Amino acid sequence: MKLKNPITLSEVARFLKCKMIGNEDMLITGINEIHKVQEGDLTFVDYHKYYDRAIQSAATFILINAEIDFPAHKGILISEDPFRDYNKLVNRYYETQPVMGHSANHGKNVEVGEDSLIMHNVFLGDRVKIGKNCRIYPNVVLYSDTIVGDNVIIHSNTVIGADGFYFKKRPEGYDKLYSCGRVIIGNNVEIGASCTIDKGVSGDTIIGDGTKFDNQVHIGHGVEIGKNCLFAAQVGVGGKTIIEDDVTLWGQVGVQKDILIEKGAVVLGQSGVTKSLKGFKVYFGTPAIDAKTRYRELAYLRRLPNLMDEYYGSTESSSEE
Amino acid sequence: MKLKNPITLSEVARFLKCKMIGNEDMLITGINEIHKVQEGDLTFVDYHKYYDRAIQSAATFILINAEIDFPAHKGILISEDPFRDYNKLVNRYYETQPVMGHSANHGKNVEVGEDSLIMHNVFLGDRVKIGKNCRIYPNVVLYSDTIVGDNVIIHSNTVIGADGFYFKKRPEGYDKLYSCGRVIIGNNVEIGASCTIDKGVSGDTIIGDGTKFDNQVHIGHGVEIGKNCLFAAQVGVGGKTIIEDDVTLWGQVGVQKDILIEKGAVVLGQSGVTKSLKGFKVYFGTPAIDAKTRYRELAYLRRLPNLMDEYYGSTESSSEE
Amino acid sequence: MKLKNPITLSEVARFLKCKMIGNEDMLITGINEIHKVQEGDLTFVDYHKYYDRAIQSAATFILINAEIDFPAHKGILISEDPFRDYNKLVNRYYETQPVMGHSANHGKNVEVGEDSLIMHNVFLGDRVKIGKNCRIYPNVVLYSDTIVGDNVIIHSNTVIGADGFYFKKRPEGYDKLYSCGRVIIGNNVEIGASCTIDKGVSGDTIIGDGTKFDNQVHIGHGVEIGKNCLFAAQVGVGGKTIIEDDVTLWGQVGVQKDILIEKGAVVLGQSGVTKSLKGFKVYFGTPAIDAKTRYRELAYLRRLPNLMDEYYGSTESSSEE
C-alpha cells in the first residue's frame, strides 16, 4: 500500500526502535511485500535465502534481521524480528481491523467476552459463548450451543454448527439423525470466509488452539482437529475424522470420514485422503500416498506410451483413440 | 451429549415402550453414538455386524433390535427400530430444532405454508412459495420465483435461484444470457449450509423429493435431480445435467454439464464425471470410470516403475528427475 | 418459461424488427432454449451446426440468423443476432433483474454510482466505492476499501476483501501478517453466489474488465486476473498468482500460489495447476500438463494391466489385492 503521508526513515527507526543505515531524511512512500515493490517502498525480509532478492529489488527501504553489505542509496532498518515490526508498521498506518457494524442478533443466554466485536448482522443462536478479544465479521451464523475461545477471528458468511450430514436409508427414503452435539473452537483460531463447520451428531466438533482455516473450508460432524493446523482454501473433511496437531492440508484436499491423520502430516493440494495417515510425512494423490512415490509413478507413467509402443511395435499406437 | 439430569433405565423404557433388560434403577447420564461412548452413556445399534462392537464398548446402555446375550452389568433396551427410538430420545432431551430468529424479509406475493419457520434475515424474493413445516435457517437467500415443497430444511447462507453461468463470446467480451427459469425443490429435501443452486436460464432447476445435500454443494442452471439422491459436501454439478433417482455423489465430485447419470449410480469422492453414466454401478477417477477398473489401473501403476527398470535395465531409473 | 399471455408471431416480429416467415397469427406460448422446448415454444439458434437440431425440435418458433428451408408449419424469425434478440424477449416478458430489497448497511465514506442497486442486507465497509449500474444481491459483504467498477453484478453471499491467508510459523504457533491491500474489480464483471475474493496483504487483488465467475469461486490475496476470463464453479486460486486475459478455468480447478497463467490458456475441470502455464493451450490433470498428453497417458494406463500380465505371465495378476 501507498502511505497517505510519506514518513522519514528516522521516524520509522524511532517508532520500531531499530538501528538505521542510510540517509535519515529519505522519505518512505509505501510499504509492500517483496513481490510488488516500487521505488520509495519499504519491504521486509527475515530469511537469508531471500536477502539478496530484497536488496536487489526496487524497494528503497529494507527491514532486515542481519547487518550485511547494502547498496549505498538504500535505507536499511535492522530488526531482530522484521515480520513483527512490519506488522507494527501496517497496524500504525492502516486500519487493519475494520469494525463493520454492530447490529448483531442474539438468541437466549448468549455470552460475549470483553473486547470482542460482533459485527453487522452476525447471528448468535441460543447459549452461544464467545471468549475475549474476538472479531466476528458480518453475516456469520453461529448455531445454538457453539463455543468460541479467546482471540478468535471468523470471517464473513461462515456458518458454524449446522446439522451433521447423517441419514439412515429406509425403504421410503432417507431418515435424518438429529444432531445434538456442539462445535467447540479453541483460542487463537482464525476461520476464513464462507466456511462451514457442522456440529457433532452426539459428541462435539472440536477445532484446536491456534489452528487457521482459509476460505470455503468444510468440516463435517464430530471432527476433532488439533492445535496449529493449517487448512488452505476449499478443503473438506468428512465426519468424525481425527486430525492431530500441526497437520497441513493444502487447497482442495478432501479427507474421508472416520479416519486419523497423525501429527505433522502434510497433504498436498487436491489430494484425496482415503485411509489413516502416519505423521511427519508428505502425501499426494487420490488416494493419497507418499508424495515421492506418487511423483515417481507419474514420471514413469509419462514414459509408458513409448515403452508400450516399443514393446508392441509402433503400429499399435496408431490404433489408440 | 451429556444429560443435564440423569434418567433411569425404566423411565426410558416406558417412554420408548421398549422391553428392558438389567437393573431398572441404573442411571443414564448421556446419549452418544458408538464411536465416542463413555460409562453411563446410552448408544444404539441396529445392524448385526455391529452388535458386538456396541456391546463391548464403554457404553452402559444399549438400544438394540435383537435379544442376544448381554453382559450382566449393562442395561439393555430392545427396540424394533433403534435409530427411530434414539432420535426420539434426542428430541426429548435436546432442542434439536432451534428457532434462530424471525426477522425474515420478503418481496411481493410470497407464500409460506403453515408451521414453516423462516429464521433471522432470510430473504425471500418476489413470488417465492414455501410449503408446510419447513425450516429456513438464518441468512438464506431465495431469489424470486423459487418454489419449495413441504418438510424442507435449508441451512444458513445457502443461495437458491441466482443466475445461470451462461455467456456468449463476442469479439468485445462475454454477453450474458438472461435467466428466466426457476428453482423447484420437492418435499422432504434437506440442503446444507452455503450451497448454491442456480435457476434455469429458460427451464427450471429441479431437486426431487427426499434428496439430501451436505454443505457447499453447487448445482448449475437447469439441472434436474431425481428423488432420494445423496450429495456429500463440495459436490458441483454443471448446467442442464440430468441425475436420476437414488444417485449418490461423494465429497468434491464434479459433474460435467449436459450429461445423464442414471438411477442408482454411485460416484466416489473427488471423481470427475465427464460422460453419461449407467445406473447401479460404482465409479471413480477423473474421468470417472468403473471403480474396480480404476483401482486395478492404480495397482498396476504402482508396479510400473519396477517393470520399466527391469525392462530397460536399472541404470535407466537413475536418469529420472 | 411459459408466457402468462401468449403473443402472436407478428407481434414479436414487430418488437424485434425481424423478418417473419409463417402464419403471422400463430401464438407463441413459451420461450425456451433448445434442450427443453415444447410445442408452442420459441427457441433461438445462431450457429449453422445447430440449425438442423433447432428446426427439427419440438419448438414451433425459431429465431435464427439464416434464411434456409423451414418446415411449412413453423414460425420463423430472421435476426442478425438471435442471442441478443432472445435476450430482448426474455427482458420484455420476464423481470430478469429482480430488485431484492434496499436495506443495505454502510460504513463511512462509501460511494455508490448512479443506477446501482444495493439490495437487502448488503454490507459495505468503510471507503467502499461502487461504480454505475451495478447490482449487488442480498447478503453480499464488501470489506473496507473494496473498489468496484461499472456494470458489475455480484450475487448473494459473496464476500470480497477478507484477510489474506498469510502466516509465519513461530515456535509458539502461527503469526498473522496483517492485510492492508484492497480488492479492485473492473467494469462488466459478474461474480457468482458465495464466492470469496481476499484482499492483498500489501498490494491489491485485481479482477479485470469483463471477467466472469460462477458460484463458490475462491481467489487468494494479491491475485491479478486479466480481462474476459471465465472461471467455472468451485475454482480456487492461490495467493499472488497472475492470470492473463482470456483464460478459462473449468469447474473445481485449483491453481497454486505465486505462478503465472498466460493469455488464452484453458484448464479443464478438476485440474491442479502447479507450475506456470504458456498461453493458448489446453491443460488437464493434477499436476496439469498438455491435455492431449494427459489423455494419451490415461489411454495407455488403461492397457497397462494387460501388458503387465502378458510380460510377467498371467498368474501374476491373481496376486493383486
# chains A, B, ... in the order shown; residues from 1 in each chain; ligands from 1
>>> residues_around(residues="Ala59 in chain C", least_positions_apart="3", cutoff="7 Å", atoms="only C-alpha atoms", output="MDAnalysis selection string")
chainID C and resid 37:43
>>> interface_residues(of="chain A", to="chain C", cutoff="7 Å", atoms="only C-alpha atoms", output="list in words")
Met1, Asn32, Glu33, Lys36, Asn87, Val90, Tyr94, Thr96, Pro98, Met100, His155, Ser156, Asn157, Ala193, Gly210, Asp214, Asn215, Asn228, Gln270, Leu301, Arg302, Leu304 and Pro305 of chain A
>>> atom_distance(atom1="CA of Arg53 in chain A", atom2="CA of Trp250 in chain A")
26.4 Å
>>> atom_distance(atom1="CA of Ala265 in chain A", atom2="CA of Gly269 in chain C")
27.4 Å
>>> select_by_dssp(residues="range 19-155 of chain B", states="alpha helix (DSSP H)", output="ChimeraX atom specification")
/B:51-56,82-93
>>> atom_distance(atom1="CA of Ala288 in chain A", atom2="CA of Lys257 in chain C")
21.1 Å
